[in-house]
$ cat query33.txt   # compact mmCIF, C-alpha atoms
# COMPACT_ATOMS: atom_id res chain seq x y z
CA MET C 1 -22.08 -12.16 -11.11
CA GLN C 2 -22.69 -15.89 -11.21
CA LYS C 3 -20.49 -18.36 -9.36
CA GLU C 4 -19.06 -19.49 -12.69
CA GLU C 5 -17.94 -15.93 -13.43
CA LEU C 6 -16.10 -15.80 -10.10
CA ILE C 7 -13.73 -18.48 -11.35
CA ASN C 8 -12.51 -16.13 -14.09
CA TYR C 9 -12.44 -12.99 -11.93
CA ARG C 10 -9.03 -11.33 -11.94
CA LEU C 11 -7.66 -8.21 -10.32
CA PRO C 12 -4.93 -6.30 -12.17
CA ARG C 13 -1.46 -6.88 -10.76
CA TYR C 14 0.66 -3.95 -9.61
CA SER C 15 2.58 -3.79 -12.91
CA GLU C 16 -0.76 -3.57 -14.76
CA LEU C 17 -2.10 -0.60 -12.80
CA PRO C 18 -2.12 2.74 -14.66
CA GLU C 19 1.22 4.52 -14.79
CA ILE C 20 -0.50 7.87 -15.20
CA GLU C 21 -1.95 9.66 -12.20
CA LEU C 22 -5.74 9.72 -12.03
CA TYR C 23 -8.18 12.38 -10.90
CA MET C 24 -11.07 11.28 -8.68
CA ASP C 25 -13.55 10.66 -11.53
CA GLN C 26 -10.98 8.62 -13.44
CA LEU C 27 -10.09 6.72 -10.28
CA LEU C 28 -13.74 5.86 -9.59
CA SER C 29 -14.19 4.60 -13.14
CA TYR C 30 -11.06 2.46 -12.90
CA LEU C 31 -12.03 0.96 -9.54
CA LYS C 32 -15.56 0.17 -10.73
CA LEU C 33 -14.13 -1.54 -13.80
CA HIS C 34 -12.28 -4.00 -11.57
CA MET C 35 -14.85 -4.63 -8.85
CA LEU C 36 -17.42 -7.38 -8.70
CA ASP C 37 -20.86 -6.55 -10.08
CA GLY C 38 -22.52 -5.99 -6.72
CA GLU C 39 -19.82 -3.56 -5.58
CA ARG C 40 -19.62 -1.17 -8.52
CA GLU C 41 -22.38 1.16 -7.43
CA VAL C 42 -21.21 1.61 -3.86
CA ILE C 43 -17.81 3.16 -4.64
CA THR C 44 -18.04 6.93 -4.20
CA ASN C 45 -15.68 9.85 -3.85
CA THR C 46 -16.99 10.33 -0.30
CA MET C 47 -15.95 6.78 0.53
CA ILE C 48 -12.46 7.32 -0.85
CA ASN C 49 -12.12 10.65 0.98
CA ASN C 50 -13.14 8.83 4.17
CA TYR C 51 -10.36 6.26 3.68
CA VAL C 52 -7.87 9.12 3.26
CA LYS C 53 -9.25 10.88 6.34
CA HIS C 54 -8.83 7.73 8.44
CA GLY C 55 -5.25 7.26 7.19
CA ILE C 56 -5.99 3.99 5.43
CA VAL C 57 -4.97 5.45 2.08
CA LYS C 58 -2.46 8.25 1.68
CA ALA C 59 -3.77 11.62 0.51
CA PRO C 60 -3.64 12.25 -3.24
CA VAL C 61 -0.82 14.37 -4.61
CA LYS C 62 -2.27 17.56 -6.12
CA LYS C 63 -5.67 15.81 -6.36
CA LYS C 64 -4.14 12.96 -8.37
CA TYR C 65 -4.00 9.34 -7.34
CA LYS C 66 -0.89 7.29 -8.08
CA LYS C 67 -0.40 3.61 -8.69
CA TYR C 68 0.05 2.83 -4.99
CA HIS C 69 -3.24 4.58 -4.18
CA ILE C 70 -5.05 2.34 -6.64
CA ALA C 71 -3.49 -0.82 -5.17
CA TYR C 72 -4.45 0.20 -1.65
CA LEU C 73 -7.99 1.08 -2.70
CA LEU C 74 -8.61 -2.16 -4.58
CA ALA C 75 -7.49 -4.16 -1.55
CA VAL C 76 -9.48 -1.98 0.88
CA LEU C 77 -12.67 -2.34 -1.17
CA PHE C 78 -12.49 -6.09 -0.64
CA LEU C 79 -11.34 -5.92 2.98
CA LYS C 80 -14.26 -3.66 3.93
CA LYS C 81 -16.62 -6.54 3.21
CA VAL C 82 -15.43 -8.17 6.42
CA TYR C 83 -13.43 -5.69 8.50
CA SER C 84 -13.91 -2.27 10.09
CA LEU C 85 -11.81 0.70 8.98
CA ASP C 86 -9.66 0.42 12.11
CA GLU C 87 -9.08 -3.28 11.50
CA ILE C 88 -8.24 -2.64 7.84
CA ASN C 89 -5.76 0.04 8.82
CA LYS C 90 -4.02 -2.34 11.25
CA LEU C 91 -4.03 -5.25 8.79
CA VAL C 92 -2.63 -3.16 5.94
CA ASN C 93 0.08 -1.70 8.15
CA ILE C 94 1.12 -5.14 9.41
CA GLN C 95 1.45 -6.44 5.85
CA ILE C 96 3.24 -3.36 4.49
CA ASN C 97 5.72 -3.48 7.38
CA SER C 98 6.62 -7.05 6.47
CA THR C 99 7.03 -6.55 2.70
CA ASP C 100 6.83 -3.87 0.02
CA ILE C 101 3.57 -2.70 -1.52
CA VAL C 102 4.15 -4.47 -4.85
CA GLU C 103 4.60 -7.89 -3.27
CA ALA C 104 1.84 -7.30 -0.71
CA TYR C 105 -0.69 -6.25 -3.35
CA ASP C 106 0.20 -8.95 -5.88
CA THR C 107 0.09 -11.60 -3.14
CA PHE C 108 -3.31 -10.30 -2.04
CA CYS C 109 -4.60 -10.65 -5.63
CA ASP C 110 -3.13 -14.15 -6.11
CA GLU C 111 -4.44 -15.43 -2.79
CA LEU C 112 -7.90 -13.88 -3.17
CA GLU C 113 -8.41 -15.31 -6.65
CA ALA C 114 -7.14 -18.76 -5.63
CA ASP C 115 -9.38 -18.83 -2.55
CA ILE C 116 -12.45 -17.74 -4.53
CA LYS C 117 -11.81 -20.45 -7.14
CA SER C 118 -11.32 -23.03 -4.39
CA LEU C 119 -14.64 -22.09 -2.77
CA VAL C 120 -16.54 -22.08 -6.06
CA ASN C 121 -15.05 -25.42 -7.10
CA LYS C 122 -15.54 -26.88 -3.61
CA ASP C 123 -11.97 -28.11 -3.96
CA GLU C 124 -10.29 -28.27 -0.59
CA THR C 125 -6.98 -29.22 -2.20
CA VAL C 126 -6.71 -25.93 -4.10
CA LYS C 127 -4.80 -23.38 -2.09
CA GLY C 128 -3.44 -19.95 -2.71
CA LYS C 129 -0.15 -19.66 -4.53
CA PHE C 130 1.73 -18.81 -1.36
CA GLU C 131 2.06 -21.34 1.42
CA VAL C 132 2.01 -20.13 4.99
CA THR C 133 5.63 -20.55 5.99
CA GLY C 134 6.25 -17.43 8.05
CA GLY C 135 5.18 -16.61 11.56
CA ASP C 136 2.10 -14.85 12.79
CA THR C 137 2.17 -12.22 10.02
CA SER C 138 1.84 -14.84 7.29
CA ASN C 139 -0.94 -16.65 9.13
CA LEU C 140 -2.77 -13.37 9.73
CA PHE C 141 -2.46 -12.35 6.06
CA ARG C 142 -3.65 -15.77 4.87
CA ALA C 143 -6.62 -15.82 7.26
CA THR C 144 -7.58 -12.27 6.27
CA ILE C 145 -7.71 -13.09 2.58
CA LEU C 146 -9.57 -16.35 3.13
CA SER C 147 -12.24 -14.51 5.12
CA VAL C 148 -12.68 -11.98 2.32
CA ALA C 149 -12.88 -14.70 -0.34
CA THR C 150 -15.46 -16.53 1.75
CA ARG C 151 -17.55 -13.35 2.04
CA VAL C 152 -17.38 -12.78 -1.75
CA TYR C 153 -18.51 -16.36 -2.34
CA VAL C 154 -21.40 -16.15 0.13
CA GLU C 155 -22.64 -12.84 -1.28
CA THR C 156 -22.57 -14.27 -4.81
CA CYS C 157 -24.53 -17.36 -3.76
CA LEU C 158 -27.14 -15.22 -2.00
CA ARG C 159 -27.67 -13.03 -5.10
CA GLN C 160 -28.57 -16.00 -7.29

$ encode --input "query33.txt" --output "structure tokens"
Amino acid sequence: MQKEELINYRLPRYSELPEIELYMDQLLSYLKLHMLDGEREVITNTMINNYVKHGIVKAPVKKKYKKYHIAYLLAVLFLKKVYSLDEINKLVNIQINSTDIVEAYDTFCDELEADIKSLVNKDETVKGKFEVTGGDTSNLFRATILSVATRVYVETCLRQ
């Protein structure tokens, strides 16, 4: 993916995630569809099972993954670029305890996309949609997403 393509990169919002439950193969296909080019080949069922085993993502229900599983997994796939599984687990729990999954996931998407665009455009005035107005939780969430966006940008530059 070229830097120019990063500007148009968009994750599906929570309301756009599949309403139907997905089996593992369907889930893998869906996740790969929404990941950056360099990440598509590294998503495996073993990886997802590992996230479940570590308690980062809840276990599937009768081998089917629901909408909230997909949201968690999309966020985790970006967070793993920078953070360990233990750190991801803590970060996700902090955010989920301060808001519901829909708002947390949609905010993650908005912030990540805005930060990536800002880095690509070298525009320091462009910020994420949400200003940091809360306490430590808001600052932690904002810093987490900025670090992930920075990693995505650096990886893209290095692949060119």

$ residues_near_point --input "query33.txt" --point "(-2.8, -12.1, -2.8)" --cutoff "12 Å" --atoms "only C-alpha atoms" --output "JSON, numbers by chain"
{"C": [10, 11, 12, 13, 14, 71, 74, 75, 78, 95, 101, 102, 103, 104, 105, 106, 107, 108, 109, 110, 111, 112, 113, 114, 115, 116, 127, 128, 129, 130, 131, 138, 141, 142, 143, 144, 145, 146, 148, 149]}

$ atom_distance --input "query33.txt" --atom1 "atom CA of Leu17 of chain C" --atom2 "atom CA of Tyr30 of chain C"
9.5 Å

$ residues_around --input "query33.txt" --residues "segment 86-91 of chain C" --least-positions-apart "4" --cutoff "8 Å" --atoms "only C-alpha atoms" --output "list in words"
Gly55, Ile56, Val76, Leu79, Lys80, Gln95 and Phe141 of chain C

$ write_last_selection --input "query33.txt" --atoms "C-alpha atoms" --output "CSV table (one decimal), in the coordinates of the input"
chain,number,residue,atom,x,y,z
C,55,GLY,CA,-5.2,7.3,7.2
C,56,ILE,CA,-6.0,4.0,5.4
C,76,VAL,CA,-9.5,-2.0,0.9
C,79,LEU,CA,-11.3,-5.9,3.0
C,80,LYS,CA,-14.3,-3.7,3.9
C,95,GLN,CA,1.4,-6.4,5.8
C,141,PHE,CA,-2.5,-12.4,6.1

$ atom_distance --input "query33.txt" --atom1 "atom CA of Leu73 of chain C" --atom2 "atom CA of Leu27 of chain C"
9.7 Å

$ atom_distance --input "query33.txt" --atom1 "atom CA of Val82 of chain C" --atom2 "atom CA of Asp100 of chain C"
23.6 Å

$ closest_residue --input "query33.txt" --among "C:Leu140, C:Val57, C:Tyr153, C:Ser84" --to "Lys117 of chain C" --atoms "all atoms listed in the file"
C:Tyr153

$ closest_residue --input "query33.txt" --among "C:Val152, C:Tyr83, C:Asn93, C:Ser29" --to "Leu6 of chain C" --atoms "only C-alpha atoms"
C:Val152

$ residues_around --input "query33.txt" --residues "Thr46 of chain C" --least-positions-apart "5" --cutoff "12 Å" --atoms "only C-alpha atoms" --output "list in words"
Met24, Asp25, Leu28, Tyr51, Val52 and Lys53 of chain C

$ axis_aligned_box --input "query33.txt" --around "segment 115-122 of chain C" --padding-each-side "6 Å" --output "JSON"
{"center_x": -13.0, "center_y": -22.3, "center_z": -4.8, "size_x": 19.2, "size_y": 21.1, "size_z": 16.6}

$ closest_residue --input "query33.txt" --among "C:Ile94, C:Leu85, C:Glu155, C:Tyr72" --to "His54 of chain C" --atoms "only C-alpha atoms"
C:Leu85
